[in-house]
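Working notes for the structure below.
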Number of protein chains: 2
Amino acid sequence: MGNIKKDLDNIQVVSTSFECSMTADVALFGFNEGELKILLTKRSVGLKKNFWLLPGGIMEEEETLEQCATKVLLYLTGIKNVPMQQVKAYSKLKRHDVKRVVTVSFYALVQPKNHPIEQKVNVTETKWFNIKELPKKIGFDHKEIITDALKLLQYNLNHHMTFGQLLPETFTLNELQSLYEAVLNEQLDRRNFRKRISQLELLENTGIIKKGVKGGPFLYRILK
Amino acid sequence: MGNIKKDLDNIQVVSTSFECSMTADVALFGFNEGELKILLTKRSVGLKKNFWLLPGGIMEEEETLEQCATKVLLYLTGIKNVPMQQVKAYSKLKRHDVKRVVTVSFYALVQPKNHPIEQKVNVTETKWFNIKELPKKIGFDHKEIITDALKLLQYNLNHHMTFGQLLPETFTLNELQSLYEAVLNEQLDRRNFRKRISQLELLENTGIIKKGVKGGPFLYRILK
DNA sequence: TCAAAAGTGTTTTAATTACACCCATGC
DNA sequence: GCATGGGTGTAATTAAAACACTTTTGA
């Protein structure tokens, strides 16, 4: 744990305190074709060029971690206007190869089709991966970050029906159920699911029937 | 959100990246006389001399945030060998008066009687406060940190019966119940509580009866 | 017209809640 | 011996799980 005398002196924040680079990493989940996806990038500069990474980048002096997360997502993928949910801080000593970097992870939820990926500077490839089929070469500790983010997403969906922008503004109950099934990775009984959702009283039936799909399902929206 | 061109350049971690002081703050909970307590300190140096603060201090180059949390608790209070649970990162721009400081909070659980407070350098006063009777003048954003830590403690106790060292190694079921009641801030039915606990199958009856208390209650311990 | 998906209720089972008496111990 | 806390079970309620047929629509 280092030198005790020095630590004792430095426990107060003073001008000589150790400083550390901080980054925000974003686990961006998408829902598409009944599958839960996550967006990974390959960078053209810096370390880990041959590894898939979460969008992430360093925090500047005049921004919070939340703002940083929003910024890096925009700059690396062109995606914006997505609420961020903090997950966890990671501070292992050797997690970055060159220097000490502490990262704080966030997750965010979008529909991929609403956010066509913009190829950005410093990025060679950006791709949606099925959460069940992640690539082997994931850089840094981003595999662990993805796992932790998914757990929190599962918890929040299950307990508060928070699915952000994973679905369009109006959606059928079957679309909602298949989202639950993809996120929780389990099959659900249709009637029990609908009963459970309906007694939360968070949705309203728009009265509009979705066209182009057999059965003529109603579209629902989140109750304001 | 600052200068876009500069941010684009700096999204990679490079030698010129912004660096920031980081601290770990510890919400140390104690259980005593049927009440949930939290330990706050007044510092003799630095800012917020007239404010109560959580034990906390800056992270050094060669330690993780978890190690830092362990260290600051030891140096400010003499308390050691307590597992830490990460709660959340706080990164508001003006949260520290002098310079940019990002903190990550942890909670830990002890019995105050096992950890007599050692008056440490840089500390003028250290005191256990009933969680329901916190002082008005709490510095920085530590009030918010306490609230968030308590919520996580409540969740973890309720869902996983994780009460750390809040109780001695052996304890009666009534002691356990009154811990639950203090943490969750609600009354529980004795028979329903015991049924619920017993079907978790996490405790074992030592067969030993606790002396000095009427009724002759059995002592239990956590099953290994 | 037929294949595919939507919509809907009831029964069974499990979990939670409410509730009262006798026993053991310390004072 | 009596006041205090310890220990225990059952009935009632509520929540969760299992389960099948009819209707609607697109192809």
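Residue numbering restarts at 1 in every chain; chains get A, B, ... in the order shown in the structure tokens, and ligands count up from 1 in that same order.
Those residues of chain A that fall within 12 Å of chain C when using only C-alpha atoms (C1' of nucleotides) read Thr172, Leu173, Asn174, Glu175, Arg190, Arg191, Asn192, Arg194, Lys195, Ile209, Lys210, Gly212, Val213, Lys214, Gly215, Gly216, Pro217, Phe218 and Leu219 of chain A.
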- Based on DSSP run over this structure's backbone, return all residues of region 85-155 of chain A in strand (DSSP E or B), as a PyMOL selection string. chain A and resi 85-90+101-110+123-130+138
List every residue of chain D that has an atom at most 12 Å from any atom of chain B, and for each one report the closest atom pair and its distance in Å to one decimal, counting only C-alpha atoms (C1' of nucleotides), with rows sorted by chain and then by increasing residue number, as JSON lines.
{"residue": "D:DA3", "atom": "C1'", "partner": "B:Lys214", "partner_atom": "CA", "distance": 10.0}
{"residue": "D:DT4", "atom": "C1'", "partner": "B:Lys214", "partner_atom": "CA", "distance": 6.5}
{"residue": "D:DG5", "atom": "C1'", "partner": "B:Gly215", "partner_atom": "CA", "distance": 5.3}
{"residue": "D:DG6", "atom": "C1'", "partner": "B:Gly215", "partner_atom": "CA", "distance": 4.6}
{"residue": "D:DG7", "atom": "C1'", "partner": "B:Pro217", "partner_atom": "CA", "distance": 8.3}
{"residue": "D:DT8", "atom": "C1'", "partner": "B:Arg191", "partner_atom": "CA", "distance": 8.0}
{"residue": "D:DG9", "atom": "C1'", "partner": "B:Arg191", "partner_atom": "CA", "distance": 9.4}
{"residue": "D:DT10", "atom": "C1'", "partner": "B:Arg191", "partner_atom": "CA", "distance": 11.9}
- Counting only C-alpha atoms, the residue among B:Leu36, B:Asn50, B:Leu223, B:Val72 that lies closest to chain A is B:Val72
Using only C-alpha atoms, which chain B residues lie at most 8 Å away from chain A, written as a PDB file with C-alpha atoms, in the first residue's frame?
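selection_36.pdb written:
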ATOM      1  CA  MET B   1     -18.865  20.455 -23.246  1.00  0.00           C
ATOM      2  CA  GLY B   2     -15.663  22.299 -24.181  1.00  0.00           C
ATOM      3  CA  ASP B   7     -11.614  16.813 -27.291  1.00  0.00           C
ATOM      4  CA  LEU B   8     -11.317  14.862 -30.521  1.00  0.00           C
ATOM      5  CA  ASN B  10      -7.633  13.970 -26.609  1.00  0.00           C
ATOM      6  CA  ILE B  11     -10.143  11.194 -26.613  1.00  0.00           C
ATOM      7  CA  GLN B  12      -7.219   8.800 -26.678  1.00  0.00           C
ATOM      8  CA  VAL B  13      -5.254   8.512 -23.480  1.00  0.00           C
ATOM      9  CA  SER B  17      -4.268  13.958 -21.208  1.00  0.00           C
ATOM     10  CA  PHE B  18      -6.037  15.819 -18.445  1.00  0.00           C
ATOM     11  CA  GLU B  19      -5.400  14.298 -15.059  1.00  0.00           C
ATOM     12  CA  CYS B  20      -7.492  14.621 -12.009  1.00  0.00           C
ATOM     13  CA  SER B  21      -7.205  13.977  -8.295  1.00  0.00           C
ATOM     14  CA  MET B  22      -9.239  11.024  -7.159  1.00  0.00           C
ATOM     15  CA  VAL B  45      -6.505  20.718   8.148  1.00  0.00           C
ATOM     16  CA  GLY B  46      -7.710  21.551   4.704  1.00  0.00           C
ATOM     17  CA  GLY B  56     -11.824   9.856   2.733  1.00  0.00           C
ATOM     18  CA  GLY B  57      -8.621  10.758   1.031  1.00  0.00           C
ATOM     19  CA  ILE B  58      -6.716  10.846  -2.155  1.00  0.00           C
ATOM     20  CA  MET B  59      -5.728   7.868  -4.213  1.00  0.00           C
ATOM     21  CA  GLU B  60      -2.019   7.286  -4.768  1.00  0.00           C
ATOM     22  CA  GLU B  61      -0.355   6.024  -7.912  1.00  0.00           C
ATOM     23  CA  GLU B  62       0.324   2.527  -6.622  1.00  0.00           C
ATOM     24  CA  GLU B  63      -3.071   1.719  -5.123  1.00  0.00           C
ATOM     25  CA  THR B  64      -6.535   0.870  -6.396  1.00  0.00           C
ATOM     26  CA  LEU B  65      -9.585   2.746  -5.212  1.00  0.00           C
ATOM     27  CA  GLN B  67      -7.016  -0.113  -1.403  1.00  0.00           C
ATOM     28  CA  LYS B  71      -6.098   3.031   3.690  1.00  0.00           C
ATOM     29  CA  VAL B  72      -7.998   6.213   4.437  1.00  0.00           C
ATOM     30  CA  TYR B  75      -5.335   6.419   8.719  1.00  0.00           C
ATOM     31  CA  GLN B  86     -18.105   0.138  -4.069  1.00  0.00           C
ATOM     32  CA  VAL B  87     -21.104   2.412  -4.360  1.00  0.00           C
ATOM     33  CA  LYS B  88     -20.691   5.163  -6.947  1.00  0.00           C
ATOM     34  CA  ALA B  89     -18.453   7.750  -8.610  1.00  0.00           C
ATOM     35  CA  SER B  91     -17.700  13.875 -10.633  1.00  0.00           C
ATOM     36  CA  LYS B  92     -19.554  17.196 -10.453  1.00  0.00           C
ATOM     37  CA  LEU B  93     -17.234  20.033 -11.464  1.00  0.00           C
ATOM     38  CA  ARG B 100     -11.166  19.177  -9.562  1.00  0.00           C
ATOM     39  CA  VAL B 104     -15.635   7.036  -5.586  1.00  0.00           C
TER      40      VAL B 104
END
